[in-house]
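This report concerns only the one structure given below.
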Amino acid sequence: MTAITKTRSDTAPPLSRAGLALPGLGHLLLGEWVSGLGLLLLDALLVGAAVSGFPRIGEVLVPGDAGISIHAVLALGTWPILAGALWFTAYRRAFPRPLTDEEFNSNQQLFLRTLTRHRTGMLGFYGVLFMLLLTMLTPLIAPFDPDMVDVGTKNLAPGGAYWMGTDGFGRDVFSRLLFGGRISLMIGFVAVSIAATMGTTIGALAAFAGGTVDRVLMFLTDGLIALPKLVLLLTIVGLFRFQGPWGIFLIIAILGATGWMGVARIVRSQVLSLKQQEFVQAAQALGLSSTRILFRHLIPNALAPVIVYCSLAIGSTMLAEAGLSFLGLGVPPPTSTWGVMVADGKDALRNAPHVAIFPGLAIMVAVLSFNLLGDGLRDALDPKLRGH
Amino acid sequence: MLKYALRKLLLAIPLILGVVTFIFILVELSPGDVADKFFTPDTPPEVRQAIAAKYQLDQPAIVRYGAMMKNLVFFDFGRSMAQERPVFDIILETLPNTIILSAVTLLIIYPTGIVVGSLQAIRHNTPVDTTLSIGSLLLFSMPGFWLALMLQLLFGFYWTGWIDDQIAAGVISAELGGFLTIPLSGMQDPMLELVGGTSTEIFIDRIKHLILPGIAMGLASAGSTARYMRSALLETIRQDFIRTARAKGLHERTVVVKHAMRNAMLPIVTLIGLSFPFLVSGAVLIETVFAWPGMGRLILTAIYSQDTPLIIACFFVFTVLVVIGNLLADIAYAFVDPRISYD
């Protein structure tokens with residue numbers, strides 16, 4: 001106990017108060033450079049959105065004849081929340097809340113401490129946060145209409161008003177990158193949520209029911225894992241050709257429905273081992289129903305590795321979506337994602353390489369962030385690895 | 001061992017049948033009549049009937065399913081609707097190309113991954129380790145098709161342009177320049193056989209066409225193999241028998257190469273067999289970028305043209321490849337680790 005209480009610090013060094021002037025500065029001065037730089041990056045996002053968006057706020061809110069844009073309203077709502085969250089973080093670093101010993105040694109605090117000390121994990125965390133906020137604030141930041149075609153500005157090199165140049169239709173690559181990222185990230189999150197829900201249910205059911213149910217479900221799982229995922233995806237998407245406004249949701253549903261097998265295996269093995277433990281026997285002795293034991297005792301205890309898996313799966317799902325879109329079997333036009341943008345750029349690779357380079361880099365940074373975050377979460381959630 | 005292999009193969013039969021059935025149902029459920037693409041509104045009814053009868057499209061799905069299953073037992077996949085010839089011939093033409101590319105890819109993935117991962121583990125927590133870690137993570141997070149495009153950009157346009165400049169400046173001869181130029185797509189130079197190139201020239205040409213697709217397919221997986229190898233070797237180095245080997249006074253290189261790496265590589269052997277599904281998935285994208293006439297592009301064209309027999313045959317081949325890969329992994333594991341026995 002003494003060894004743990006020694007490292008406690010309920011009073012922050014005075015340097016951390018610099019963060020109150022500019023969130024992140026305090027962390028940086030204390031040598032916590034990942035958190036410091038991450039927060040400074042978010043500061044830059046906040047300022048950038050304000051500088052770019054506020055002077056033309058009317059234009060942003062009512063972009064055409066279609067009335068008030070819901071995305072712009074969301075972005076305007078996000079801005080003060082982000083500002084509040086940034087300064088609250090800086091305030092907490094400068095004046096930490098005193099914790100009782102019990103709180104300090106709680107699982108939650110232990111998890112938070114391990115994660116915040118995990119440098120690459122935090123790098124991934126800030127990367128993911130940055131991307132999410134960037135896509136939320138997109139209407140304020142994007143300098144151009146992403147779908148505005150102008151042959152006069154075809155394939156311009158990066159520079160000037162067009163930060164990342166223009167594509168073959170004269171559309172601003174930077175604005176398209178921002179708007180495309182919204183779709184790419186949303187697909188990753190929603191598809192993995194579907195996959196995680198399906199996988200948890202199927203895995204837990206298989207382990208809990210056992211017998212024939214287990215065998216049938218696991219045969220299905222192993223069979224689907226054996227198939228090359230991308231080939232299966234493009235067969236389904238290619239055969240059904242989802243068009244119209246619901247096309248994108250069907251793609252997401254299919255990405256989810258073909259991604260649950262990994263989660264099912266993890267949850268099954270977790271539940272199988274948890275089932276033997278004493279707290280489950282105790283619950284049974286208390287006369288709790290099977291459903292209650294499954295949903296309140298077994299599944300919550302099996303979720304830690306699922307969270308880690310999901311963080312990594314978001315990255316691979318985004319890669320799968322990009323691959324589908326690249327083959328022309330992704331989201332139906334006019335919706336654009338990063339994969340579609342790389343495909344747009346491949347035909348003008350020699351004259352305008354930037355059209356393909358930037359969206360590819362964006363995919364890489366996003367997937368990298370999720371991978372780093374997943375590694376950090378694994379180290380923070382896995383008690384066996386703690387302390388290494 | 002033989003008994004085990006046979007049992008595994010027998011167990012694979014329901015899997016293959018399940019996959020084929022699943023794909024058949026998918027095709028049946030998909031919108032649009034497969035027959036429609038043969039006909040225009042002006043097609044005379046008798047021609048319609050003749051074509052429909054040729055592909056048994058006039059019969060109910062369950063009859064076609066039965067006929068397909070019966071033929072599959074004899075590896076008869078039927079006739080391709082889009083290419084108007086037996087599917088078996090098409091597969092026979094295409095499969096070797098994919099196997100060549102996959103073999104080259106595996107040759108890039110594992111040696112690179114094992115060497116890089118071991119280097120990282122030996123130089124644990126040094127700048128070498130960090131740099132290589134970042135490198136393999138970047139490769140691991142990169143979309144493979146984008147890497148392929150970047151390789152085309154780099155080697156196709158910039159490298160070739162630089163060589164052309166050197167030839168023009170007279171620094172290197174035109175012959176050497178031609179040798180150093182790397183082809184961007186396809187499997188071979190169609191002109192070479194027409195102008196009567198020697199077999200050596202044709203061989204070199206084939207190898208050169210493999211470079212870029214092989215690298216593009218291999219690098220990403222090499223990154224993940226390196227990550228795997230690094231953690232496996234770090235785990236092994238901590239164990240007691242390594243301390244014993246060092247205490248015996250063995251040279252550090254002998255300890256690492258002969259004692260640690262050999263043991264750390266055991267799980268990697270399994271990875272080779274299990275990497276088949278990923279190879280096939282990657283092949284679709286990479287073969288598209290590099291116009292490589294393999295199975296990945298074949299199934300893509302089959303899907304675009306709703307060529308049912310070809311789609312089902314492709315899935316059949318993929319599943320068989322995966323089953324063989326799994327079996328090879330098991331056998332290889334028993335081969336390298338004498339403690340494993342399947343009897």
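In the structure tokens, the first chain shown is A, the next is B, and so on; residue numbers restart at 1 for each chain, and ligands run from 1 in the order shown.
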
request  = Compile the residues of chain B that lie within 7 Å of chain A, evaluated using only C-alpha atoms, and express the compilation as number ranges by chain.
outcome  = B: 15, 27, 30-31, 138, 141-143, 146, 153, 157, 277-278, 280-281, 285, 303-304, 306, 319, 322

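Using only C-alpha atoms, the contacts of Phe315 in chain B at a cut-off of 9 Å, with sequence neighbours closer than 2 positions omitted, comprise Leu227, Val231 and Leu232 of chain A; Ile16, Val19, Val20, Ile23, Ile299, Leu310, Ile311, Ile312, Ala313, Val317, Phe318, Thr319 and Val320 of chain B.
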
request  = Could you jot down the CA of Ile202 in chain A to CA of Ala264 in chain A separation for me, Å, one decimal place?
outcome  = 5.8 Å

ask   = In Å, how far is it from CA of Glu201 in chain B to CA of Ile91 in chain B?
value = 27.6 Å

query = In Å, with one decimal, what is the gap from CA of Ala206 in chain A to CA of Ala304 in chain A?
reply =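 Pair CA of Ala206 in chain A / CA of Ala304 in chain A returns 18.7 Å.
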
message = Quick one: residues within 7 Å of range 220-235 of chain B, only C-alpha atoms, excluding same-chain residues fewer than 5 positions away - as a PyMOL selection string?
response = chain B and resi 109-110+112-114+116-118+120-121+136-137+139-140+144+260-261+264
